[in-house]
file protein-v8.txt (compact mmCIF, C-alpha atoms)
# COMPACT_ATOMS: atom_id res chain seq x y z
CA MET A 1 -3.27 -22.89 -5.46
CA PRO A 2 -0.96 -19.84 -5.13
CA ALA A 3 -1.92 -16.65 -6.88
CA ALA A 4 -0.51 -16.10 -10.36
CA THR A 5 2.06 -13.37 -9.80
CA PRO A 6 5.10 -12.44 -11.87
CA ASP A 7 7.29 -14.27 -9.35
CA THR A 8 5.31 -17.50 -9.52
CA LEU A 9 5.14 -17.31 -13.30
CA VAL A 10 8.88 -16.89 -13.59
CA GLU A 11 9.45 -19.67 -11.06
CA THR A 12 7.16 -21.98 -13.03
CA LEU A 13 8.94 -21.19 -16.30
CA THR A 14 12.30 -21.81 -14.66
CA GLN A 15 11.17 -25.18 -13.31
CA PHE A 16 9.82 -26.16 -16.71
CA VAL A 17 13.00 -25.23 -18.54
CA THR A 18 15.17 -27.01 -15.98
CA ALA A 19 13.07 -30.19 -16.17
CA ALA A 20 12.99 -30.02 -19.95
CA ALA A 21 16.77 -29.65 -20.07
CA ASP A 22 17.22 -32.79 -17.96
CA GLU A 23 14.93 -34.78 -20.24
CA ALA A 24 16.69 -33.44 -23.32
CA ALA A 25 20.08 -34.99 -22.52
CA ALA A 26 19.75 -38.22 -24.49
CA PRO A 27 18.33 -36.90 -27.80
CA ILE A 28 20.50 -33.80 -27.88
CA GLU A 29 23.61 -35.92 -27.23
CA ARG A 30 22.80 -37.88 -30.38
CA VAL A 31 22.48 -34.60 -32.25
CA LEU A 32 25.85 -33.33 -31.04
CA ALA A 33 27.51 -36.60 -32.08
CA GLN A 34 26.94 -35.49 -35.67
CA GLN A 35 29.72 -33.29 -37.03
CA ASN A 36 28.11 -32.46 -40.37
CA PRO A 37 25.77 -29.42 -40.07
CA ALA A 38 23.27 -31.05 -42.44
CA ASP A 39 23.21 -34.15 -40.21
CA VAL A 40 22.72 -31.97 -37.14
CA LEU A 41 19.68 -30.29 -38.68
CA GLN A 42 18.25 -33.64 -39.81
CA GLN A 43 18.60 -35.06 -36.30
CA LEU A 44 16.79 -32.04 -34.90
CA ARG A 45 14.06 -32.33 -37.53
CA ASP A 46 13.57 -36.01 -36.77
CA SER A 47 13.20 -35.28 -33.05
CA LEU A 48 10.14 -33.14 -33.80
CA GLN A 49 8.24 -36.11 -35.18
CA GLN A 50 7.51 -37.20 -31.59
CA PRO A 51 7.02 -33.98 -29.62
CA ASP A 52 8.43 -33.84 -26.09
CA SER A 53 10.07 -31.21 -23.95
CA PHE A 54 13.25 -31.38 -26.04
CA SER A 55 11.19 -30.69 -29.14
CA LEU A 56 9.68 -27.62 -27.50
CA LEU A 57 13.11 -26.22 -26.74
CA VAL A 58 14.49 -26.69 -30.23
CA PHE A 59 11.24 -25.95 -32.09
CA ALA A 60 12.12 -22.36 -32.87
CA LEU A 61 15.74 -23.20 -33.68
CA VAL A 62 14.80 -25.88 -36.20
CA HIS A 63 12.14 -23.87 -37.97
CA LEU A 64 14.36 -20.83 -38.22
CA ALA A 65 17.13 -23.00 -39.66
CA GLU A 66 14.71 -24.37 -42.27
CA LEU A 67 13.96 -20.91 -43.61
CA ASP A 68 15.12 -20.40 -47.18
CA ASP A 69 18.10 -18.29 -46.17
CA ASP A 70 21.69 -19.20 -46.98
CA HIS A 71 22.90 -17.03 -44.14
CA LEU A 72 21.58 -19.50 -41.53
CA SER A 73 23.36 -22.65 -40.40
CA VAL A 74 23.06 -25.19 -37.59
CA GLY A 75 26.13 -26.57 -35.88
CA ALA A 76 27.59 -27.51 -32.52
CA LEU A 77 29.62 -25.69 -29.88
CA ALA A 78 32.24 -27.69 -28.01
CA ALA A 79 32.11 -27.92 -24.23
CA SER A 80 34.10 -25.14 -22.57
CA ASP A 81 34.43 -23.26 -19.28
CA GLY A 82 32.40 -25.89 -17.45
CA TRP A 83 29.49 -25.62 -19.88
CA SER A 84 27.87 -28.48 -21.74
CA ARG A 85 28.14 -28.88 -25.47
CA ALA A 86 25.49 -26.94 -27.37
CA VAL A 87 23.43 -26.97 -30.53
CA ALA A 88 23.82 -23.58 -32.22
CA LEU A 89 21.99 -21.54 -34.86
CA THR A 90 24.20 -18.95 -36.56
CA TYR A 91 23.36 -16.07 -38.89
CA ARG A 92 26.41 -15.08 -40.96
CA THR A 93 26.48 -12.35 -43.59
CA SER A 94 28.56 -14.47 -46.01
CA ASP A 95 30.29 -17.84 -46.35
CA ASP A 96 33.51 -16.36 -45.03
CA ALA A 97 34.25 -17.83 -41.58
CA ASP A 98 35.24 -14.36 -40.35
CA ALA A 99 32.13 -12.62 -41.69
CA PRO A 100 29.94 -10.70 -39.20
CA SER A 101 27.65 -13.09 -37.36
CA ALA A 102 25.32 -13.71 -34.44
CA THR A 103 24.67 -17.04 -32.71
CA ILE A 104 22.20 -18.53 -30.26
CA ALA A 105 23.04 -21.91 -28.71
CA LEU A 106 21.25 -24.33 -26.37
CA ALA A 107 23.61 -26.11 -23.96
CA LEU A 108 21.59 -28.98 -22.53
CA THR A 109 23.48 -32.24 -22.71
CA ASP A 110 26.37 -33.19 -20.51
CA PRO A 111 25.67 -34.12 -16.86
CA GLY A 112 27.64 -32.29 -14.23
CA THR A 113 28.10 -29.23 -16.46
CA THR A 114 26.32 -25.90 -16.73
CA HIS A 115 23.18 -25.87 -18.89
CA GLY A 116 21.68 -22.73 -20.39
CA VAL A 117 21.55 -20.43 -23.40
CA ILE A 118 24.52 -18.79 -25.11
CA PHE A 119 24.28 -15.66 -27.24
CA SER A 120 27.16 -14.17 -29.19
CA VAL A 121 27.75 -11.39 -31.68
CA ALA A 122 30.79 -10.84 -33.87
CA GLY A 123 30.64 -7.56 -35.76
CA LEU A 124 27.04 -7.98 -36.96
CA VAL A 125 25.37 -4.56 -37.06
CA GLN A 126 21.90 -5.36 -38.39
CA ALA A 127 20.03 -8.24 -40.02
CA THR A 128 16.42 -9.14 -40.77
CA PHE A 129 15.16 -12.45 -42.06
CA GLY A 130 12.16 -14.75 -41.91
CA SER A 131 9.12 -16.00 -43.77
CA ASP A 132 5.45 -15.09 -44.02
CA LYS A 133 4.94 -16.59 -40.55
CA VAL A 134 8.20 -15.97 -38.69
CA SER A 135 10.29 -12.82 -38.64
CA VAL A 136 13.59 -12.16 -36.87
CA SER A 137 15.46 -8.90 -36.49
CA ILE A 138 18.95 -8.54 -35.04
CA ALA A 139 20.91 -5.45 -34.10
CA GLY A 140 24.42 -5.81 -32.74
CA GLN A 141 27.51 -3.88 -31.81
CA GLY A 142 31.05 -5.09 -31.18
CA THR A 143 32.10 -8.64 -30.39
CA GLY A 144 31.08 -10.53 -27.28
CA GLU A 145 29.38 -13.54 -25.71
CA TRP A 146 26.69 -13.89 -23.06
CA ARG A 147 26.27 -17.13 -21.16
CA ILE A 148 22.91 -17.38 -19.41
CA PRO A 149 22.60 -20.46 -17.16
CA PHE A 150 19.19 -21.79 -16.21
CA THR A 151 20.22 -21.18 -12.61
CA GLY A 152 22.78 -18.58 -11.61
CA GLY A 153 24.05 -15.25 -12.85
CA VAL A 154 24.65 -14.11 -16.41
CA ARG A 155 28.23 -13.90 -17.64
CA ALA A 156 28.60 -10.88 -19.91
CA PRO A 157 31.55 -9.90 -22.14
CA GLN A 158 34.29 -7.69 -20.75
CA THR A 159 34.51 -5.61 -23.92
CA ALA A 160 31.93 -3.17 -25.34
CA ALA A 161 29.24 -5.23 -27.04
CA SER A 162 25.47 -5.41 -27.35
CA LEU A 163 22.90 -7.64 -29.01
CA HIS A 164 19.20 -7.01 -29.57
CA CYS A 165 17.05 -9.81 -31.02
CA THR A 166 13.32 -9.89 -31.73
CA LEU A 167 11.41 -12.99 -32.81
CA GLU A 168 7.80 -12.63 -33.94
CA TYR A 169 5.38 -15.31 -35.10
CA GLU A 170 2.26 -14.67 -37.14
CA PRO A 171 -0.49 -17.20 -36.26
CA GLU A 172 -3.33 -18.23 -38.52
CA LEU A 173 -6.09 -17.47 -36.00
CA ASP A 174 -7.29 -13.93 -36.56
CA LEU A 175 -10.66 -12.20 -36.58
CA ASP A 176 -11.78 -9.92 -39.38
CA ALA A 177 -14.21 -7.05 -38.88
CA ASP A 178 -17.23 -9.11 -39.98
CA THR A 179 -16.69 -12.07 -37.64
CA LYS A 180 -19.59 -12.35 -35.19
CA VAL A 181 -18.46 -15.32 -33.09
CA GLY A 182 -14.90 -16.49 -32.73
CA ILE A 183 -11.53 -16.35 -31.04
CA GLY A 184 -8.48 -14.63 -32.48
CA ILE A 185 -4.83 -15.00 -31.54
CA GLY A 186 -2.42 -12.15 -32.19
CA SER A 187 1.30 -12.28 -32.87
CA PRO A 188 3.47 -13.52 -30.01
CA ARG A 189 6.91 -11.93 -29.91
CA VAL A 190 10.00 -12.13 -27.75
CA THR A 191 12.71 -9.49 -27.54
CA VAL A 192 16.07 -10.12 -25.89
CA ALA A 193 18.40 -7.20 -25.21
CA LEU A 194 21.96 -7.90 -24.03
CA SER A 195 24.78 -5.56 -23.10
CA ASN A 196 28.15 -5.61 -21.39
CA GLU A 197 26.89 -2.82 -19.12
CA ALA A 198 24.00 -2.75 -16.66
CA PRO A 199 21.37 -3.86 -17.22
CA VAL A 200 23.21 -6.83 -18.72
CA TRP A 201 20.03 -8.49 -19.95
CA HIS A 202 16.38 -7.71 -20.50
CA VAL A 203 13.59 -9.85 -21.96
CA ASP A 204 10.14 -8.75 -23.13
CA ALA A 205 7.53 -11.31 -24.14
CA ALA A 206 4.13 -10.23 -25.40
CA MET A 207 1.15 -11.11 -27.54
CA GLY A 208 -0.38 -8.60 -29.91
CA ASP A 209 1.27 -5.95 -32.04
CA GLU A 210 1.85 -2.22 -32.07
CA GLN A 211 -0.85 -1.74 -34.72
CA GLY A 212 -3.59 -2.51 -32.20
CA VAL A 213 -4.16 -6.22 -32.89
CA ALA A 214 -4.88 -7.88 -29.54
CA GLY A 215 -2.97 -10.88 -28.28
CA VAL A 216 -6.19 -12.75 -27.56
CA GLU A 217 -9.64 -11.65 -28.64
CA ALA A 218 -13.00 -13.33 -28.03
CA ARG A 219 -16.13 -12.12 -29.76
CA ALA A 220 -19.75 -13.28 -29.50
CA ASP A 221 -22.60 -11.40 -31.16
CA LEU A 222 -25.59 -13.74 -31.42
CA ALA A 223 -28.14 -11.27 -32.78
CA ASP A 224 -28.04 -12.65 -36.34
CA ALA A 225 -28.15 -16.26 -35.15
CA LEU A 226 -31.17 -15.62 -32.92
CA GLY A 227 -33.16 -13.94 -35.67
CA PRO A 228 -36.54 -12.66 -34.44
CA LEU A 229 -35.75 -13.91 -30.92
CA SER A 230 -32.98 -11.31 -30.59
CA GLY A 231 -35.62 -8.66 -29.82
CA VAL A 232 -36.98 -10.78 -26.98
CA LEU A 233 -33.82 -12.23 -25.44
CA GLN A 234 -31.75 -9.06 -25.88
CA ILE A 235 -28.38 -10.75 -25.40
CA GLN A 236 -25.68 -8.13 -25.39
CA PRO A 237 -22.66 -8.68 -27.64
CA VAL A 238 -19.55 -9.84 -25.83
CA GLY A 239 -16.09 -8.68 -26.76
CA GLU A 240 -12.92 -9.21 -24.76
CA ARG A 241 -9.41 -8.20 -25.81
CA TYR A 242 -6.18 -8.96 -23.98
CA SER A 243 -2.56 -8.25 -24.88
CA PRO A 244 -0.56 -9.96 -22.11
CA SER A 245 3.08 -9.09 -21.60
CA LEU A 246 5.93 -10.22 -19.36
CA SER A 247 9.04 -8.12 -18.78
CA MET A 248 12.15 -9.36 -16.95
CA GLY A 249 15.59 -7.87 -16.53
CA ALA A 250 18.76 -7.96 -14.49
CA GLY A 251 18.38 -6.19 -11.17
CA ALA A 252 14.64 -5.58 -11.57
CA ALA A 253 11.51 -7.40 -10.46
CA PRO A 254 9.58 -9.06 -13.30
CA THR A 255 6.31 -7.43 -14.31
CA PHE A 256 3.30 -9.13 -15.86
CA THR A 257 0.20 -7.47 -17.27
CA LEU A 258 -2.89 -8.92 -18.92
CA GLY A 259 -3.35 -5.84 -21.06
CA HIS A 260 -7.16 -5.90 -20.93
CA THR A 261 -8.60 -3.47 -23.45
CA GLY A 262 -12.26 -4.48 -23.26

call {"tool": "encode", "arguments": {"input": "protein-v8.txt", "output": "structure tokens"}}
result
Amino acid sequence: MPAATPDTLVETLTQFVTAAADEAAAPIERVLAQQNPADVLQQLRDSLQQPDSFSLLVFALVHLAELDDDHLSVGALAASDGWSRAVALTYRTSDDADAPSATIALALTDPGTTHGVIFSVAGLVQATFGSDKVSVSIAGQGTGEWRIPFTGGVRAPQTAASLHCTLEYEPELDLDADTKVGIGIGSPRVTVALSNEAPVWHVDAAMGDEQGVAGVEARADLADALGPLSGVLQIQPVGERYSPSLSMGAGAAPTFTLGHTG
């Protein structure tokens, strides 16, 4: 088995996404056949009842759209410029069609067309939304669109524009100070930074937070469980903390670290 390097990790992720996109064609085509945004969301929700690779791709989109926020809507983008049709999640500051907005879309359906992810911003300066488990922050400037194919180069806007998005999820597996034996999972987060100037794109994915909570923590202190035997066996407490991170960007080699903190 080849060593786990940033290159092999990125290659594996690319292969997974490409394969998942191929398998997604049939269900996502049914979704795009719906013109009513409510029907689109219902189709996506129904697809999650039987998880598959398509469900994994739209998982975040569906759950974000189900947040109690009137600024969010799910719709469809028509095929254009050789790209497949796409399911899109849009944040808009008001009901006005021309209100500042930001959109992420998954183009996965039509054979013989380009598949990938589309980001766009239209005058949205800043927005924050979410729930007690999911939080999203957006910072934008100008108006522009980025088309990121699963294979090939990124197409950036010709005008001055930028978009910075961070998605963070708060899991239910954490360790408090008194836990003697257990495993904790910190907050995974993904940050996407896009610009019309180099570097055109940059992605950071990590587990753990800036307050010192590890991405993955394992703890085993058996002294209390052993009782009187602890003085004889003298098993040392075990504690391992990792905050893995992956950073990728245009024109730069990807970097991966385990973030071992002992």

call {"tool": "atom_distance", "arguments": {"input": "protein-v8.txt", "atom1": "atom CA of A:His260", "atom2": "atom CA of A:Val203"}}
result
21.1 Å

call {"tool": "atom_distance", "arguments": {"input": "protein-v8.txt", "atom1": "atom CA of A:Trp201", "atom2": "atom CA of A:Ser187"}}
result
23.1 Å

call {"tool": "residues_around", "arguments": {"input": "protein-v8.txt", "residues": "A:Ser195", "least_positions_apart": "3", "cutoff": "10 Å", "atoms": "only C-alpha atoms", "output": "list in words"}}
result
Gly140, Gln141, Gly144, Glu145, Trp146, Ala156, Pro157, Thr159, Ala160, Ala161, Ser162, Leu163, His164, Ala198, Pro199, Val200, Trp201 and His202 of chain A

call {"tool": "closest_residue", "arguments": {"input": "protein-v8.txt", "among": "A:Ile148, A:Met207, A:Ala139, A:Val125", "to": "A:Ala107", "atoms": "all atoms listed in the file"}}
result
A:Ile148

call {"tool": "residues_around", "arguments": {"input": "protein-v8.txt", "residues": "A:Lys133", "least_positions_apart": "2", "cutoff": "10 Å", "atoms": "all atoms listed in the file", "output": "list in words"}}
result
Gly130, Ser131, Ser135, Glu168, Tyr169, Glu170, Pro171, Glu172 and Ser187 of chain A

call {"tool": "closest_residue", "arguments": {"input": "protein-v8.txt", "among": "A:Ala205, A:Glu240, A:Gly142, A:Thr114", "to": "A:Asp81", "atoms": "only C-alpha atoms"}}
result
A:Thr114

call {"tool": "residues_around", "arguments": {"input": "protein-v8.txt", "residues": "A:Ser243", "least_positions_apart": "3", "cutoff": "8 Å", "atoms": "all atoms listed in the file", "output": "list in words"}}
result
Ala206, Met207, Gly208, Ala214, Gly215, Val216, Leu258, Gly259, His260 and Thr261 of chain A

call {"tool": "closest_residue", "arguments": {"input": "protein-v8.txt", "among": "A:Thr93, A:Thr143, A:Thr191, A:Ser137", "to": "A:Asp69", "atoms": "only C-alpha atoms"}}
result
A:Thr93

call {"tool": "closest_residue", "arguments": {"input": "protein-v8.txt", "among": "A:Leu194, A:Ala78, A:Ala250, A:Ala220", "to": "A:Ala105", "atoms": "all atoms listed in the file"}}
result
A:Ala78

call {"tool": "atom_distance", "arguments": {"input": "protein-v8.txt", "atom1": "atom CA of A:Val74", "atom2": "atom CA of A:Gln158"}}
result
26.8 Å

call {"tool": "closest_residue", "arguments": {"input": "protein-v8.txt", "among": "A:Ile183, A:Glu197, A:Pro188, A:Ala86", "to": "A:Arg241", "atoms": "all atoms listed in the file"}}
result
A:Ile183

call {"tool": "closest_residue", "arguments": {"input": "protein-v8.txt", "among": "A:Trp83, A:Tyr91, A:Phe256, A:Tyr242", "to": "A:Val117", "atoms": "only C-alpha atoms"}}
result
A:Trp83
